[in-house]
$ cat query_2.txt   # compact mmCIF, C-alpha atoms and all ligand atoms
# COMPACT_ATOMS: atom_id res chain seq x y z
CA MET A 1 -82.35 54.44 22.22
CA ALA A 2 -84.73 53.75 25.11
CA ALA A 3 -87.40 52.69 22.63
CA VAL A 4 -85.01 50.24 21.02
CA LEU A 5 -84.10 48.80 24.38
CA ARG A 6 -87.74 48.46 25.37
CA GLN A 7 -88.47 46.68 22.11
CA SER A 8 -85.46 44.41 22.40
CA ALA A 9 -85.79 43.41 26.01
CA LYS A 10 -88.49 41.03 27.12
CA TYR A 11 -88.99 39.86 30.66
CA SER A 12 -89.59 36.17 30.97
CA LEU A 13 -91.65 34.61 33.74
CA SER A 14 -88.54 34.35 35.87
CA GLY A 15 -88.07 38.11 35.52
CA ARG A 16 -84.75 37.71 33.76
CA LEU A 17 -83.97 39.52 30.56
CA THR A 18 -84.20 37.62 27.32
CA PRO A 19 -83.13 40.16 24.75
CA PHE A 20 -83.98 38.33 21.52
CA ALA A 21 -87.61 38.31 20.52
CA GLY A 22 -89.35 35.71 18.35
CA PRO A 23 -88.07 32.25 17.47
CA VAL A 24 -84.52 33.16 18.36
CA THR A 25 -85.69 33.82 21.91
CA ALA A 26 -87.12 30.34 22.05
CA LEU A 27 -83.77 28.95 20.98
CA HIS A 28 -81.60 31.26 23.00
CA SER A 29 -83.44 31.76 26.24
CA ARG A 30 -80.18 31.86 28.17
CA ASN A 31 -81.61 33.72 31.13
CA GLY A 32 -85.27 32.84 30.63
CA ARG A 33 -84.22 29.22 30.38
CA GLY A 34 -87.11 28.13 28.21
CA ARG A 35 -86.82 24.56 26.99
CA THR A 36 -87.15 23.61 23.35
CA ALA A 37 -87.78 20.28 21.67
CA LEU A 38 -84.13 20.14 20.68
CA SER A 39 -82.84 20.87 24.15
CA CYS A 40 -85.00 18.09 25.54
CA LEU A 41 -83.14 15.68 23.29
CA VAL A 42 -79.81 16.84 24.61
CA SER A 43 -78.35 15.31 27.74
CA ASN A 44 -77.61 17.43 30.79
CA GLN A 45 -73.94 16.53 30.97
CA ARG A 46 -72.18 19.67 32.27
CA ASN A 47 -68.44 19.42 32.25
CA SER A 48 -67.09 17.78 29.16
CA SER A 49 -68.57 16.00 26.21
CA SER A 50 -66.92 14.54 23.19
CA ALA A 51 -68.84 14.14 19.96
CA SER A 52 -67.34 12.91 16.72
CA LYS A 53 -66.95 16.22 14.88
CA ILE A 54 -67.00 18.72 17.73
CA LYS A 55 -65.50 18.51 21.17
CA VAL A 56 -66.96 20.62 23.96
CA ASP A 57 -65.18 21.34 27.23
CA LEU A 58 -67.01 23.44 29.78
CA ASP A 59 -64.99 24.70 32.72
CA SER A 60 -67.52 25.07 35.51
CA ASN A 61 -65.12 27.30 37.50
CA THR A 62 -64.74 29.93 34.80
CA GLY A 63 -68.05 29.49 32.96
CA ILE A 64 -66.14 29.24 29.68
CA ALA A 65 -66.78 26.48 27.16
CA VAL A 66 -64.23 25.68 24.48
CA MET A 67 -65.76 24.18 21.39
CA THR A 68 -63.11 22.48 19.28
CA LEU A 69 -63.89 21.65 15.67
CA GLN A 70 -62.33 18.29 14.87
CA SER A 71 -63.62 17.08 11.53
CA PRO A 72 -60.69 16.17 9.25
CA PRO A 73 -59.47 16.90 6.71
CA VAL A 74 -60.65 20.54 6.75
CA ASN A 75 -63.57 21.03 9.22
CA SER A 76 -65.93 21.52 6.29
CA LEU A 77 -69.50 22.28 7.32
CA SER A 78 -71.46 19.20 6.26
CA LEU A 79 -75.06 18.55 7.27
CA ASP A 80 -73.86 16.18 10.01
CA PHE A 81 -71.35 18.72 11.26
CA LEU A 82 -73.91 21.52 11.32
CA THR A 83 -76.45 19.36 13.14
CA GLU A 84 -73.92 18.47 15.81
CA PHE A 85 -72.86 22.11 16.05
CA ALA A 86 -76.45 23.27 16.60
CA ILE A 87 -77.04 20.66 19.31
CA SER A 88 -73.79 21.49 21.12
CA LEU A 89 -74.48 25.21 20.98
CA GLU A 90 -78.04 24.85 22.20
CA LYS A 91 -76.89 22.69 25.07
CA LEU A 92 -74.42 25.38 26.19
CA GLU A 93 -76.99 28.12 25.66
CA MET A 94 -79.33 26.38 28.08
CA ASP A 95 -76.65 25.84 30.69
CA ARG A 96 -76.70 28.48 33.44
CA GLY A 97 -73.10 27.63 34.25
CA CYS A 98 -71.85 28.71 30.83
CA ARG A 99 -71.39 32.41 30.06
CA GLY A 100 -68.77 32.32 27.33
CA LEU A 101 -67.85 30.25 24.32
CA VAL A 102 -64.49 29.96 22.57
CA LEU A 103 -64.62 28.44 19.11
CA THR A 104 -61.42 26.89 17.77
CA SER A 105 -60.03 24.07 15.62
CA ALA A 106 -58.11 20.92 16.44
CA LEU A 107 -56.71 20.73 12.91
CA PRO A 108 -53.32 22.20 12.11
CA LYS A 109 -53.49 25.25 9.83
CA ILE A 110 -57.25 25.12 9.25
CA PHE A 111 -60.04 26.73 11.27
CA SER A 112 -62.77 25.69 8.82
CA ALA A 113 -62.85 25.34 5.01
CA GLY A 114 -66.44 26.59 5.00
CA LEU A 115 -69.48 24.84 3.66
CA ASP A 116 -68.85 21.31 2.51
CA ILE A 117 -68.86 21.70 -1.25
CA MET A 118 -69.89 18.08 -1.69
CA GLU A 119 -73.16 18.91 0.13
CA MET A 120 -73.95 21.31 -2.71
CA TYR A 121 -72.80 19.17 -5.61
CA GLY A 122 -74.98 16.53 -7.28
CA LYS A 123 -77.55 16.51 -4.49
CA SER A 124 -81.36 16.45 -4.79
CA PRO A 125 -83.26 19.73 -4.27
CA GLU A 126 -84.72 18.28 -1.05
CA ARG A 127 -81.32 17.48 0.36
CA CYS A 128 -79.96 20.91 -0.69
CA GLY A 129 -82.91 22.51 1.13
CA GLU A 130 -82.24 20.51 4.27
CA PHE A 131 -78.58 21.48 4.13
CA TRP A 132 -79.30 25.17 3.69
CA LYS A 133 -81.76 25.13 6.59
CA ALA A 134 -78.95 23.76 8.76
CA VAL A 135 -76.61 26.55 7.57
CA GLN A 136 -79.27 29.11 8.51
CA GLU A 137 -79.71 27.42 11.88
CA MET A 138 -75.99 27.59 12.64
CA TRP A 139 -75.89 31.29 11.87
CA LEU A 140 -79.11 32.14 13.74
CA LYS A 141 -77.90 30.34 16.85
CA LEU A 142 -74.37 31.69 16.85
CA TYR A 143 -75.08 35.27 15.74
CA GLY A 144 -77.99 35.43 18.18
CA SER A 145 -76.26 33.73 21.09
CA ASN A 146 -76.62 35.26 24.53
CA MET A 147 -73.19 33.96 25.49
CA VAL A 148 -70.00 35.92 24.93
CA THR A 149 -68.58 34.24 21.83
CA ILE A 150 -64.93 34.47 20.79
CA ALA A 151 -63.46 32.87 17.69
CA ALA A 152 -59.92 31.60 18.24
CA ILE A 153 -58.96 31.34 14.58
CA ASN A 154 -55.91 29.12 14.43
CA GLY A 155 -55.84 28.55 10.68
CA SER A 156 -57.41 29.40 7.34
CA SER A 157 -61.07 30.28 7.40
CA PRO A 158 -62.64 30.84 3.98
CA ALA A 159 -66.33 31.41 3.15
CA GLY A 160 -68.63 29.60 5.63
CA GLY A 161 -65.66 29.32 8.02
CA CYS A 162 -65.31 33.09 7.91
CA LEU A 163 -69.06 33.47 8.50
CA MET A 164 -68.77 31.30 11.59
CA ALA A 165 -65.99 33.53 12.95
CA LEU A 166 -67.88 36.70 11.99
CA SER A 167 -70.88 35.47 13.94
CA CYS A 168 -68.89 35.63 17.16
CA ASP A 169 -68.47 38.78 19.27
CA TYR A 170 -64.67 38.95 18.98
CA ARG A 171 -62.05 37.36 16.73
CA ILE A 172 -58.50 36.46 17.68
CA MET A 173 -56.40 35.05 14.84
CA ALA A 174 -53.01 33.34 14.65
CA ASP A 175 -50.41 35.80 13.42
CA ASN A 176 -49.52 33.87 10.30
CA PRO A 177 -49.66 35.56 6.87
CA ARG A 178 -50.23 32.18 5.25
CA TYR A 179 -53.69 31.85 6.82
CA GLY A 180 -56.51 33.30 4.74
CA ILE A 181 -59.92 34.49 5.86
CA GLY A 182 -62.79 36.03 3.92
CA LEU A 183 -66.05 35.47 2.08
CA ASN A 184 -64.61 34.17 -1.20
CA GLU A 185 -67.87 32.77 -2.59
CA THR A 186 -67.69 34.59 -5.93
CA GLN A 187 -64.43 32.79 -6.67
CA LEU A 188 -66.45 29.57 -6.70
CA GLY A 189 -69.06 31.16 -8.98
CA ILE A 190 -71.60 31.32 -6.15
CA VAL A 191 -73.11 34.26 -4.34
CA ALA A 192 -73.16 34.92 -0.60
CA PRO A 193 -76.76 35.56 0.53
CA PHE A 194 -77.86 38.82 2.19
CA TRP A 195 -77.27 37.58 5.74
CA PHE A 196 -73.64 36.69 4.99
CA LYS A 197 -73.29 40.14 3.42
CA ASP A 198 -74.98 41.92 6.33
CA THR A 199 -72.83 40.11 8.87
CA LEU A 200 -69.72 41.35 7.06
CA VAL A 201 -71.13 44.88 6.66
CA ASN A 202 -71.84 44.96 10.40
CA THR A 203 -68.19 44.08 11.02
CA VAL A 204 -66.10 45.97 8.43
CA GLY A 205 -68.51 48.46 6.86
CA SER A 206 -70.16 48.77 3.50
CA ARG A 207 -67.36 49.75 1.12
CA THR A 208 -64.92 47.13 2.37
CA THR A 209 -67.70 44.53 2.14
CA GLU A 210 -68.50 45.44 -1.44
CA LEU A 211 -64.88 45.01 -2.49
CA ALA A 212 -64.49 41.85 -0.43
CA LEU A 213 -67.62 40.20 -1.81
CA GLN A 214 -67.39 41.22 -5.45
CA LEU A 215 -63.77 40.12 -5.69
CA GLY A 216 -64.17 37.13 -3.36
CA LEU A 217 -61.16 38.34 -1.40
CA LEU A 218 -59.30 36.13 1.03
CA TYR A 219 -57.29 38.29 3.42
CA SER A 220 -54.07 37.22 5.11
CA ALA A 221 -54.15 37.48 8.90
CA PRO A 222 -52.36 40.90 8.95
CA GLU A 223 -54.66 42.23 6.21
CA ALA A 224 -57.70 40.95 8.09
CA LEU A 225 -56.57 42.86 11.17
CA LYS A 226 -56.07 46.01 9.12
CA ILE A 227 -59.65 46.02 7.78
CA GLY A 228 -61.18 44.97 11.13
CA LEU A 229 -62.25 41.52 9.97
CA VAL A 230 -60.40 40.19 13.01
CA ASP A 231 -59.76 42.09 16.23
CA GLN A 232 -56.39 40.81 17.38
CA LEU A 233 -53.41 38.75 16.14
CA VAL A 234 -51.39 36.63 18.53
CA PRO A 235 -48.80 33.86 18.16
CA GLU A 236 -50.44 30.63 17.08
CA ASP A 237 -49.86 28.82 20.38
CA LYS A 238 -51.52 31.67 22.27
CA VAL A 239 -54.77 31.90 20.32
CA VAL A 240 -56.96 29.87 22.69
CA SER A 241 -55.35 31.11 25.92
CA THR A 242 -55.73 34.73 24.76
CA ALA A 243 -59.38 34.03 23.97
CA THR A 244 -60.09 32.67 27.45
CA GLU A 245 -58.16 35.57 29.06
CA THR A 246 -60.12 38.07 26.96
CA MET A 247 -63.38 36.67 28.35
CA ALA A 248 -62.67 38.37 31.69
CA LYS A 249 -63.12 41.80 30.10
CA TRP A 250 -66.48 40.73 28.61
CA PHE A 251 -67.64 38.97 31.79
CA ALA A 252 -67.05 42.21 33.72
CA ILE A 253 -70.03 43.74 31.89
CA PRO A 254 -73.46 42.86 33.32
CA ASP A 255 -74.93 40.15 31.09
CA HIS A 256 -78.28 41.82 30.52
CA ALA A 257 -76.73 45.13 29.39
CA ARG A 258 -74.32 43.39 27.05
CA GLN A 259 -77.03 41.12 25.65
CA ILE A 260 -79.48 43.94 24.96
CA THR A 261 -76.74 45.90 23.23
CA LYS A 262 -75.80 42.88 21.14
CA SER A 263 -79.43 42.39 20.23
CA MET A 264 -79.75 46.03 19.22
CA MET A 265 -76.83 45.60 16.81
CA ARG A 266 -77.83 42.22 15.36
CA LYS A 267 -81.60 41.85 15.62
CA PRO A 268 -82.48 43.64 12.34
CA THR A 269 -80.37 41.18 10.34
CA ILE A 270 -81.63 38.19 12.30
CA ASP A 271 -85.26 39.27 11.91
CA LYS A 272 -84.78 39.76 8.19
CA LEU A 273 -83.76 36.12 7.79
CA LEU A 274 -86.38 34.84 10.21
CA SER A 275 -89.11 36.49 8.16
CA SER A 276 -87.80 35.05 4.88
CA ARG A 277 -86.38 31.64 5.73
CA GLU A 278 -88.49 29.69 3.27
CA SER A 279 -87.77 31.98 0.35
CA ASP A 280 -84.08 32.05 1.27
CA ILE A 281 -84.05 28.24 1.14
CA ASN A 282 -85.93 28.21 -2.17
CA ASN A 283 -83.53 30.77 -3.64
CA PHE A 284 -80.55 28.69 -2.56
CA VAL A 285 -81.99 25.46 -3.95
CA SER A 286 -82.94 26.89 -7.32
CA PHE A 287 -79.55 28.63 -7.61
CA ILE A 288 -77.30 25.80 -6.51
CA THR A 289 -79.01 23.12 -8.62
CA LYS A 290 -78.56 25.09 -11.87
CA ASP A 291 -76.36 23.23 -14.35
CA SER A 292 -74.03 26.21 -14.74
CA ILE A 293 -73.50 26.48 -10.95
CA GLN A 294 -72.96 22.74 -10.61
CA LYS A 295 -70.31 23.05 -13.33
CA SER A 296 -68.59 25.90 -11.45
CA LEU A 297 -68.52 23.84 -8.25
CA ARG A 298 -67.07 20.83 -10.07
CA MET A 299 -64.36 22.97 -11.67
CA TYR A 300 -63.53 24.53 -8.30
CA MET A 301 -63.17 21.13 -6.62
CA GLU A 302 -60.97 19.97 -9.51
CA SER A 303 -58.81 23.06 -9.16
CA LEU A 304 -58.34 22.30 -5.44
CA LYS A 305 -57.20 18.78 -6.29
CA LYS A 306 -54.91 19.96 -9.13
CA ARG A 307 -53.29 22.50 -6.82
CA LYS A 308 -52.44 19.63 -4.50
CA ALA A 309 -51.09 17.33 -7.26
C1 LIG B 401 -75.46 30.30 -2.78
C2 LIG B 401 -74.39 29.64 -1.97
C3 LIG B 401 -73.82 30.45 -0.88
C4 LIG B 401 -72.79 29.62 -0.20
C5 LIG B 401 -72.11 30.21 0.86
C6 LIG B 401 -70.91 29.75 1.35
C7 LIG B 401 -70.12 28.83 0.54
C8 LIG B 401 -68.97 28.11 1.13
O1 LIG B 401 -68.61 28.11 2.28
S1 LIG B 401 -68.30 27.21 -0.10
C9 LIG B 401 -66.80 26.59 0.54
C10 LIG B 401 -65.70 27.54 0.21
N1 LIG B 401 -64.49 27.03 0.69
C11 LIG B 401 -63.34 27.19 0.07
O2 LIG B 401 -63.25 27.82 -0.95
C12 LIG B 401 -62.16 26.51 0.68
C13 LIG B 401 -61.60 25.49 -0.24
N2 LIG B 401 -60.49 24.82 0.39
C14 LIG B 401 -59.25 25.34 0.50
O3 LIG B 401 -58.96 26.45 0.11
C15 LIG B 401 -58.22 24.45 1.11
O4 LIG B 401 -58.71 23.14 1.09
C16 LIG B 401 -57.85 24.82 2.56
C17 LIG B 401 -57.08 26.15 2.58
C18 LIG B 401 -59.07 24.92 3.46
C19 LIG B 401 -56.93 23.71 3.13
O5 LIG B 401 -55.86 23.51 2.26
P1 LIG B 401 -54.95 22.20 2.39
O6 LIG B 401 -54.53 22.01 3.78
O7 LIG B 401 -53.90 22.31 1.35
O8 LIG B 401 -55.95 21.00 2.08
P2 LIG B 401 -56.50 20.51 0.68
O9 LIG B 401 -56.81 21.66 -0.21
O10 LIG B 401 -55.59 19.47 0.15
O11 LIG B 401 -57.90 19.87 1.11
C20 LIG B 401 -57.95 18.59 1.74
C21 LIG B 401 -59.18 17.85 1.22
O12 LIG B 401 -60.34 18.57 1.62
C22 LIG B 401 -61.13 18.88 0.47
N3 LIG B 401 -61.81 20.17 0.73
C23 LIG B 401 -61.27 21.36 0.94
N4 LIG B 401 -62.20 22.28 1.15
C24 LIG B 401 -63.38 21.66 1.08
C25 LIG B 401 -64.73 22.09 1.20
N5 LIG B 401 -65.07 23.37 1.49
N6 LIG B 401 -65.69 21.18 1.06
C26 LIG B 401 -65.41 19.90 0.80
N7 LIG B 401 -64.14 19.41 0.65
C27 LIG B 401 -63.15 20.31 0.80
C28 LIG B 401 -60.11 18.97 -0.64
O13 LIG B 401 -60.71 18.82 -1.90
C29 LIG B 401 -59.21 17.81 -0.29
O14 LIG B 401 -59.86 16.62 -0.68
P3 LIG B 401 -59.01 15.36 -1.24
O15 LIG B 401 -58.29 15.86 -2.46
O16 LIG B 401 -60.03 14.34 -1.55
O17 LIG B 401 -58.07 15.00 -0.14
$ encode --input "query_2.txt" --output "structure tokens"
Amino acid sequence: MAAVLRQSAKYSLSGRLTPFAGPVTALHSRNGRGRTALSCLVSNQRNSSSASKIKVDLDSNTGIAVMTLQSPPVNSLSLDFLTEFAISLEKLEMDRGCRGLVLTSALPKIFSAGLDIMEMYGKSPERCGEFWKAVQEMWLKLYGSNMVTIAAINGSSPAGGCLMALSCDYRIMADNPRYGIGLNETQLGIVAPFWFKDTLVNTVGSRTTELALQLGLLYSAPEALKIGLVDQLVPEDKVVSTATETMAKWFAIPDHARQITKSMMRKPTIDKLLSSRESDINNFVSFITKDSIQKSLRMYMESLKKRKA
């Protein structure tokens, strides 16, 4: 254990602990406070900012930021959305006044519908590659965040939406059996990559993951609680307030000890993607641009529309 901790923890020039090594450290130097090219582009506004697809409110008294996804109709993760998400997250990560992040949705009944299917349909290989890089970036930043991250899941959260919630430290979901959550990729005829799979394994274990992924299961909120996909169910109007209250328990733990522990749990999966980003992008592009996969995506979109009609 001591060896793992020594490997994980790195002292920055300021003498503070920055638990994540490698590129993630550069992005997430919460205590080291390194600056990256991206952070230099971001303004230093501290209290509240409102962007088109994501609203960020940082309470400087509590150190808690609430990030509200507000991209109608379904908070799908488009390239624009993901870019804005990465910038917002990085800005909070660099802010000494922010220790915790609550992720929630402004849309009724929907947390996030996952990756924007239209970003994967009929697009050039170059554009697909750019999109996938942004998906990787979202996951690397959120899963590797030094902040305490809590998902306040106030609606359905399939596929990429579920990944986003899984990348947080704790999940609180609205107690509504009509809301579904899970990695349902196979139902679309597509395959979740290893880092989606590993994130689920790290949360619910191997056997449950195998069933969930092969069958593309979407779990109702009570089922999700039962398998440990979410940690707590509360009435819908209490999801965000419970998340901010829960922060107190996490803030009571010294940051460096919590961060090193988090790193110990997550670093192997993060490192695996960091060492294979290019091939992961190439795999995605060659898979998603196949005629048969494009056909599956088109049929899935049509089925969504038919269901509505
Ligand atoms: C190798 C690849 C690995 C890829 C890894 C991850 C993949 C993904 O994340 S793929 C995305 C998977 N997502 C889903 O399967 C969710 C699909 N959507 C739904 O189940 C429902 O829309 C939802 C429960 C979220 C909301 O239901 P409703 O409130 O009833 O809304 P509608 O179904 O009427 O949807 C409104 C509008 O949004 C469009 N929509 C829905 N989801 C997506 C999406 N993921 N991407 C793009 N667009 C989406 C839907 O078609 C409707 O459009 P209009 O008919 O034009 O209004």
$ closest_atom_pairs --input "query_2.txt" --of "chain A" --to "ligand LIG 401 (chain B)" --cutoff "7 Å" --atoms "all atoms listed in the file" --output "Markdown table"
| residue | atom | partner | partner_atom | distance |
| --- | --- | --- | --- | --- |
| A:Pro73 | CA | B:LIG401 | O12 | 5.4 |
| A:Val74 | CA | B:LIG401 | O12 | 5.5 |
| A:Ser76 | CA | B:LIG401 | N5 | 5.2 |
| A:Lys109 | CA | B:LIG401 | O6 | 6.9 |
| A:Ile110 | CA | B:LIG401 | C18 | 6.1 |
| A:Ser112 | CA | B:LIG401 | C18 | 6.6 |
| A:Ala113 | CA | B:LIG401 | C18 | 4.1 |
| A:Gly114 | CA | B:LIG401 | O1 | 3.8 |
| A:Leu115 | CA | B:LIG401 | O1 | 3.7 |
| A:Asp116 | CA | B:LIG401 | N6 | 3.5 |
| A:Ile117 | CA | B:LIG401 | N6 | 4.0 |
| A:Met118 | CA | B:LIG401 | C26 | 5.4 |
| A:Ser156 | CA | B:LIG401 | C17 | 5.8 |
| A:Ser157 | CA | B:LIG401 | C18 | 6.9 |
| A:Pro158 | CA | B:LIG401 | N1 | 5.4 |
| A:Ala159 | CA | B:LIG401 | O1 | 4.1 |
| A:Gly160 | CA | B:LIG401 | O1 | 3.7 |
| A:Gly161 | CA | B:LIG401 | O1 | 6.6 |
| A:Asn184 | CA | B:LIG401 | O2 | 6.5 |
| A:Glu185 | CA | B:LIG401 | C7 | 5.5 |
| A:Leu188 | CA | B:LIG401 | O2 | 6.8 |
| A:Ile190 | CA | B:LIG401 | C1 | 5.2 |
| A:Val191 | CA | B:LIG401 | C1 | 4.9 |
| A:Ala192 | CA | B:LIG401 | C3 | 4.5 |
| A:Pro193 | CA | B:LIG401 | C3 | 6.1 |
| A:Phe284 | CA | B:LIG401 | C1 | 5.3 |
| A:Phe287 | CA | B:LIG401 | C1 | 6.5 |
| A:Ile288 | CA | B:LIG401 | C1 | 6.1 |
| A:Met301 | CA | B:LIG401 | O13 | 5.8 |
| A:Leu304 | CA | B:LIG401 | O9 | 5.5 |
| A:Lys305 | CA | B:LIG401 | O15 | 4.9 |
| A:Lys308 | CA | B:LIG401 | O10 | 5.6 |
$ closest_residue --input "query_2.txt" --among "A:Thr149, A:Gln136, A:Thr242, A:Thr269" --to "Asn202 in chain A" --atoms "only C-alpha atoms"
A:Thr269
$ closest_residue --input "query_2.txt" --among "A:Val148, A:Leu58, A:Gly63, A:Ile172" --to "Gln259 in chain A" --atoms "all atoms listed in the file"
A:Val148
$ atom_distance --input "query_2.txt" --atom1 "CA of Arg307 in chain A" --atom2 "CA of Lys53 in chain A"
26.4 Å
$ atom_distance --input "query_2.txt" --atom1 "CA of Thr208 in chain A" --atom2 "CA of Ile227 in chain A"
7.6 Å
$ closest_atom_pairs --input "query_2.txt" --of "range 174-291 of chain A" --to "range 138-145 of chain A" --cutoff "10 Å" --atoms "only C-alpha atoms" --output "CSV"
residue,atom,partner,partner_atom,distance
A:Trp195,CA,A:Trp139,CA,8.9
A:Phe196,CA,A:Trp139,CA,9.0
A:Thr199,CA,A:Tyr143,CA,8.7
A:Gln259,CA,A:Ser145,CA,8.7
A:Lys262,CA,A:Gly144,CA,8.3
A:Ser263,CA,A:Gly144,CA,7.4
A:Arg266,CA,A:Gly144,CA,7.4
A:Lys267,CA,A:Gly144,CA,7.8
A:Thr269,CA,A:Tyr143,CA,9.6
A:Ile270,CA,A:Leu140,CA,6.7
A:Asp271,CA,A:Leu140,CA,9.6
A:Leu273,CA,A:Leu140,CA,8.5
A:Leu274,CA,A:Leu140,CA,8.5
$ atom_distance --input "query_2.txt" --atom1 "CA of Thr62 in chain A" --atom2 "CA of Met247 in chain A"
9.4 Å
$ residues_around --input "query_2.txt" --residues "range 210-221 of chain A" --least-positions-apart "5" --cutoff "7 Å" --atoms "all atoms listed in the file" --output "list in words"
Pro158, Met173, Asp175, Asn176, Pro177, Arg178, Tyr179, Gly180, Ile181, Gly182, Leu183, Asn184, Glu185, Thr186 and Gln187 of chain A
$ closest_residue --input "query_2.txt" --among "A:Ser124, A:Ser78, A:Asn154, A:Thr261" --to "Ser105 in chain A" --atoms "only C-alpha atoms"
A:Asn154
$ decode --input "query_2.txt" --residues "range 77-92 of chain A" --atoms "N, CA and C atoms" --output "compact mmCIF listing (two decimals), in the first residue's frame"
# COMPACT_ATOMS: atom_id res chain seq x y z
N LEU A 77 -24.65 14.73 -25.58
CA LEU A 77 -23.25 15.17 -25.51
C LEU A 77 -22.70 15.38 -26.92
N SER A 78 -22.91 16.56 -27.43
CA SER A 78 -22.39 16.94 -28.76
C SER A 78 -20.95 17.43 -28.59
N LEU A 79 -20.28 17.66 -29.71
CA LEU A 79 -18.91 18.18 -29.62
C LEU A 79 -18.89 19.54 -28.91
N ASP A 80 -19.84 20.39 -29.24
CA ASP A 80 -19.90 21.72 -28.58
C ASP A 80 -20.13 21.57 -27.08
N PHE A 81 -21.07 20.68 -26.73
CA PHE A 81 -21.37 20.47 -25.32
C PHE A 81 -20.12 19.98 -24.57
N LEU A 82 -19.46 19.00 -25.17
CA LEU A 82 -18.29 18.40 -24.50
C LEU A 82 -17.16 19.41 -24.35
N THR A 83 -17.01 20.28 -25.34
CA THR A 83 -15.96 21.30 -25.28
C THR A 83 -16.25 22.28 -24.14
N GLU A 84 -17.51 22.67 -24.07
CA GLU A 84 -17.89 23.60 -22.99
C GLU A 84 -17.75 22.94 -21.62
N PHE A 85 -18.09 21.66 -21.57
CA PHE A 85 -17.98 20.91 -20.32
C PHE A 85 -16.52 20.87 -19.85
N ALA A 86 -15.62 20.57 -20.80
CA ALA A 86 -14.20 20.46 -20.44
C ALA A 86 -13.66 21.79 -19.95
N ILE A 87 -14.06 22.87 -20.60
CA ILE A 87 -13.58 24.20 -20.19
C ILE A 87 -14.11 24.55 -18.81
N SER A 88 -15.40 24.30 -18.59
CA SER A 88 -16.00 24.62 -17.28
C SER A 88 -15.33 23.82 -16.16
N LEU A 89 -15.11 22.53 -16.45
CA LEU A 89 -14.52 21.66 -15.42
C LEU A 89 -13.09 22.09 -15.11
N GLU A 90 -12.35 22.39 -16.14
CA GLU A 90 -10.96 22.80 -15.94
C GLU A 90 -10.89 24.10 -15.11
N LYS A 91 -11.81 24.98 -15.42
CA LYS A 91 -11.83 26.26 -14.71
C LYS A 91 -12.06 26.03 -13.20
N LEU A 92 -12.99 25.13 -12.89
CA LEU A 92 -13.25 24.82 -11.47
C LEU A 92 -12.06 24.10 -10.85
